[in-house]
Amino acid sequence: YLLEDGGFTIAIDFGPTALLSLRLLQFDPARIDAICITHLHGDHMGGLPFIVIDGMYYSQRSKTLQIAGPVKMKERFDLCMRASYEDILQIPRGYDINIAEWLPGEKHTLGPLGVETFAADHMDAPHSPLMFRFLLPSGKVISFSGDTRFTNNLMKCADGADLFIAECTGLAPPMGRHSTWTDWKAN
């Protein structure tokens, strides 16, 4: 997902096909200022090595890439990079990468946006998957659930949002730690 407001662009999660999707849309990945990662599963963060490489050799990024995610984000980013391109983090890039680890229940500033985090129910400790609530410079609020079982935090994250992007993985349980249409109807 891409969120643009106030001259600032955020990608929410960045799976393995995200870069290809941006290219198909003729969207320059170097326009992305920050990437917010909901949780540390490959389908949500597995595209990070590709945007790093793209910034080095194709789009020739010059501005800092900010990455924010849950606890263990730095460790998982490093592992993902080493697994994909063993020594790439040792090669000069021409731009910086700043990684922040956020906990549920925090408020942050990311460029001109305010970001509030909520706990998702999708992984076991020590992981702490996140939901995001973005306050845009325009005054609009966009909330994003990421992957989670149905929880009271979904409603807290959605409260007052102009747009709530919520997971609905299947029609009915069992779907693991994901929300379903049956959950949404019941709640």
# chains A, B, ... in the order shown; residues from 1 in each chain; ligands from 1

call {"tool": "residues_around", "arguments": {"residues": "A:Ile88", "least_positions_apart": "4", "cutoff": "10 Å", "atoms": "only C-alpha atoms", "output": "ChimeraX atom specification"}}
result
/A:49,52-53,56,81-82,84,92-93

call {"tool": "select_by_dssp", "arguments": {"residues": "chain A", "states": "strand (DSSP E)", "output": "PyMOL selection string"}}
result
chain A and resi 2-5+8-12+34-36+65-69+97-101+107-110+113-119+130-135+141-144+163-165

call {"tool": "write_last_selection", "arguments": {"atoms": "N, CA and C atoms", "output": "tab-separated table (two decimals), in the first residue's frame"}}
result
chain	number	residue	atom	x	y	z
A	2	LEU	N	0.48	2.27	-0.75
A	2	LEU	CA	1.19	3.54	-0.76
A	2	LEU	C	0.29	4.61	-0.18
A	3	LEU	N	0.88	5.45	0.64
A	3	LEU	CA	0.17	6.55	1.27
A	3	LEU	C	0.97	7.81	0.97
A	4	GLU	N	0.34	8.78	0.29
A	4	GLU	CA	1.03	10.02	-0.06
A	4	GLU	C	0.22	11.21	0.46
A	5	ASP	N	0.90	12.11	1.16
A	5	ASP	CA	0.28	13.34	1.60
A	5	ASP	C	1.37	14.28	2.07
A	8	PHE	N	5.05	13.62	1.10
A	8	PHE	CA	5.74	12.51	1.77
A	8	PHE	C	5.04	11.22	1.36
A	9	THR	N	5.82	10.19	1.03
A	9	THR	CA	5.25	8.92	0.57
A	9	THR	C	5.70	7.79	1.48
A	10	ILE	N	4.73	7.01	1.95
A	10	ILE	CA	5.00	5.85	2.80
A	10	ILE	C	4.46	4.61	2.09
A	11	ALA	N	5.25	3.56	2.11
A	11	ALA	CA	4.75	2.24	1.73
A	11	ALA	C	4.42	1.51	3.03
A	12	ILE	N	3.26	0.88	3.04
A	12	ILE	CA	2.87	0.10	4.21
A	12	ILE	C	3.07	-1.36	3.84
A	34	ALA	N	9.50	6.45	3.29
A	34	ALA	CA	9.52	5.55	4.44
A	34	ALA	C	8.70	4.30	4.14
A	35	ILE	N	9.06	3.22	4.83
A	35	ILE	CA	8.31	1.98	4.75
A	35	ILE	C	7.96	1.58	6.18
A	36	CYS	N	6.67	1.38	6.43
A	36	CYS	CA	6.20	0.92	7.74
A	36	CYS	C	5.83	-0.55	7.61
A	65	LEU	N	16.25	6.30	3.21
A	65	LEU	CA	15.10	5.41	3.28
A	65	LEU	C	14.86	5.10	4.75
A	66	GLN	N	13.71	5.50	5.25
A	66	GLN	CA	13.34	5.22	6.63
A	66	GLN	C	12.49	3.96	6.66
A	67	ILE	N	12.83	3.06	7.55
A	67	ILE	CA	12.06	1.84	7.73
A	67	ILE	C	11.68	1.76	9.20
A	68	ALA	N	10.39	1.60	9.46
A	68	ALA	CA	9.90	1.46	10.83
A	68	ALA	C	9.09	0.19	10.92
A	69	GLY	N	9.28	-0.54	11.99
A	69	GLY	CA	8.54	-1.78	12.18
A	69	GLY	C	8.60	-2.22	13.62
A	97	ILE	N	20.04	4.26	5.22
A	97	ILE	CA	18.86	3.53	5.65
A	97	ILE	C	18.77	3.67	7.16
A	98	ASN	N	17.68	4.23	7.64
A	98	ASN	CA	17.44	4.36	9.08
A	98	ASN	C	16.32	3.41	9.46
A	99	ILE	N	16.57	2.58	10.46
A	99	ILE	CA	15.58	1.60	10.89
A	99	ILE	C	15.17	1.90	12.33
A	100	ALA	N	13.87	2.00	12.53
A	100	ALA	CA	13.31	2.23	13.87
A	100	ALA	C	12.46	1.04	14.27
A	101	GLU	N	12.53	0.69	15.54
A	101	GLU	CA	11.69	-0.37	16.09
A	101	GLU	C	10.66	0.26	17.01
A	107	LYS	N	3.35	6.68	19.97
A	107	LYS	CA	3.07	7.71	18.96
A	107	LYS	C	4.40	8.20	18.43
A	108	HIS	N	4.46	8.34	17.10
A	108	HIS	CA	5.70	8.75	16.44
A	108	HIS	C	5.39	9.79	15.38
A	109	THR	N	6.44	10.46	14.94
A	109	THR	CA	6.36	11.36	13.80
A	109	THR	C	7.23	10.77	12.71
A	110	LEU	N	6.67	10.71	11.52
A	110	LEU	CA	7.39	10.20	10.36
A	110	LEU	C	7.20	11.23	9.26
A	113	LEU	N	3.87	13.23	8.98
A	113	LEU	CA	2.76	12.40	9.44
A	113	LEU	C	2.93	12.01	10.91
A	114	GLY	N	1.83	11.92	11.59
A	114	GLY	CA	1.81	11.32	12.92
A	114	GLY	C	1.45	9.85	12.75
A	115	VAL	N	2.07	8.99	13.54
A	115	VAL	CA	1.79	7.56	13.46
A	115	VAL	C	1.57	7.03	14.88
A	116	GLU	N	0.45	6.33	15.05
A	116	GLU	CA	0.16	5.68	16.32
A	116	GLU	C	0.15	4.18	16.07
A	117	THR	N	0.72	3.42	17.01
A	117	THR	CA	0.80	1.97	16.85
A	117	THR	C	-0.14	1.25	17.82
A	118	PHE	N	-0.67	0.13	17.36
A	118	PHE	CA	-1.56	-0.71	18.16
A	118	PHE	C	-1.08	-2.15	18.04
A	119	ALA	N	-1.32	-2.94	19.07
A	119	ALA	CA	-0.92	-4.35	19.06
A	119	ALA	C	-1.85	-5.16	18.17
A	130	LEU	N	2.20	-5.06	14.56
A	130	LEU	CA	1.60	-3.75	14.74
A	130	LEU	C	0.45	-3.49	13.78
A	131	MET	N	-0.46	-2.63	14.23
A	131	MET	CA	-1.43	-1.94	13.38
A	131	MET	C	-1.02	-0.48	13.41
A	132	PHE	N	-1.32	0.24	12.33
A	132	PHE	CA	-0.92	1.64	12.25
A	132	PHE	C	-2.13	2.55	12.06
A	133	ARG	N	-2.02	3.73	12.65
A	133	ARG	CA	-3.00	4.80	12.46
A	133	ARG	C	-2.19	6.04	12.07
A	134	PHE	N	-2.42	6.53	10.85
A	134	PHE	CA	-1.66	7.65	10.30
A	134	PHE	C	-2.51	8.92	10.33
A	135	LEU	N	-1.95	9.98	10.92
A	135	LEU	CA	-2.58	11.30	10.87
A	135	LEU	C	-1.84	12.08	9.79
A	141	VAL	N	-7.33	10.79	8.60
A	141	VAL	CA	-6.77	9.68	9.36
A	141	VAL	C	-6.99	8.41	8.57
A	142	ILE	N	-5.89	7.67	8.36
A	142	ILE	CA	-5.96	6.38	7.68
A	142	ILE	C	-5.38	5.33	8.63
A	143	SER	N	-6.16	4.28	8.85
A	143	SER	CA	-5.73	3.20	9.73
A	143	SER	C	-5.54	1.92	8.92
A	144	PHE	N	-4.59	1.10	9.38
A	144	PHE	CA	-4.21	-0.11	8.65
A	144	PHE	C	-4.03	-1.24	9.66
A	163	LEU	N	-10.45	6.37	6.64
A	163	LEU	CA	-10.34	5.13	5.88
A	163	LEU	C	-9.65	4.10	6.78
A	164	PHE	N	-10.26	2.93	6.90
A	164	PHE	CA	-9.67	1.83	7.66
A	164	PHE	C	-9.45	0.68	6.70
A	165	ILE	N	-8.21	0.32	6.47
A	165	ILE	CA	-7.86	-0.79	5.61
A	165	ILE	C	-7.65	-1.99	6.52

call {"tool": "closest_residue", "arguments": {"among": "A:Met45, A:Ala30, A:Leu25, A:Met123", "to": "A:Ser59", "atoms": "only C-alpha atoms"}}
result
A:Ala30

call {"tool": "select_by_dssp", "arguments": {"residues": "stretch 7-185 of chain A", "states": "helix (DSSP H, G or I)", "output": "VMD selection string"}}
result
chain A and resid 18 to 24 29 to 31 42 to 45 48 to 57 73 to 84 88 to 90 152 to 158 181 to 185

call {"tool": "residues_around", "arguments": {"residues": "A:Leu48", "least_positions_apart": "4", "cutoff": "8 Å", "atoms": "only C-alpha atoms", "output": "compact mmCIF listing (two decimals) with N, CA, C and O atoms, in the first residue's frame"}}
result
# COMPACT_ATOMS: atom_id res chain seq x y z
N PHE A 14 6.07 -4.26 2.56
CA PHE A 14 6.80 -4.30 1.29
C PHE A 14 7.18 -5.74 1.01
O PHE A 14 8.28 -6.18 1.31
N GLY A 15 6.21 -6.48 0.48
CA GLY A 15 6.42 -7.90 0.18
C GLY A 15 7.28 -8.11 -1.05
O GLY A 15 7.69 -7.16 -1.72
N PRO A 16 7.55 -9.37 -1.39
CA PRO A 16 8.46 -9.70 -2.48
C PRO A 16 8.06 -9.16 -3.85
O PRO A 16 8.91 -8.96 -4.70
N VAL A 52 16.26 -1.87 -1.77
CA VAL A 52 17.62 -1.41 -1.46
C VAL A 52 18.49 -1.49 -2.72
O VAL A 52 19.17 -0.53 -3.09
N PHE A 77 15.78 -7.33 9.20
CA PHE A 77 16.24 -6.64 7.99
C PHE A 77 17.63 -7.13 7.61
O PHE A 77 17.89 -7.47 6.45
N CYS A 80 17.47 -10.71 6.32
CA CYS A 80 16.85 -10.74 4.99
C CYS A 80 17.83 -10.24 3.92
O CYS A 80 17.95 -10.83 2.85
N MET A 81 18.54 -9.18 4.24
CA MET A 81 19.53 -8.65 3.30
C MET A 81 20.65 -9.65 3.07
O MET A 81 21.04 -9.91 1.92

call {"tool": "closest_residue", "arguments": {"among": "A:Ala125, A:Val71, A:Met155, A:Leu24", "to": "A:His39", "atoms": "only C-alpha atoms"}}
result
A:Val71

call {"tool": "closest_residue", "arguments": {"among": "A:Ile32, A:Ala186, A:Leu19, A:Ala166", "to": "A:Ser62", "atoms": "only C-alpha atoms"}}
result
A:Ile32

call {"tool": "closest_residue", "arguments": {"among": "A:Asp13, A:Leu89, A:Leu20, A:Gly105", "to": "A:Gly46", "atoms": "only C-alpha atoms"}}
result
A:Asp13
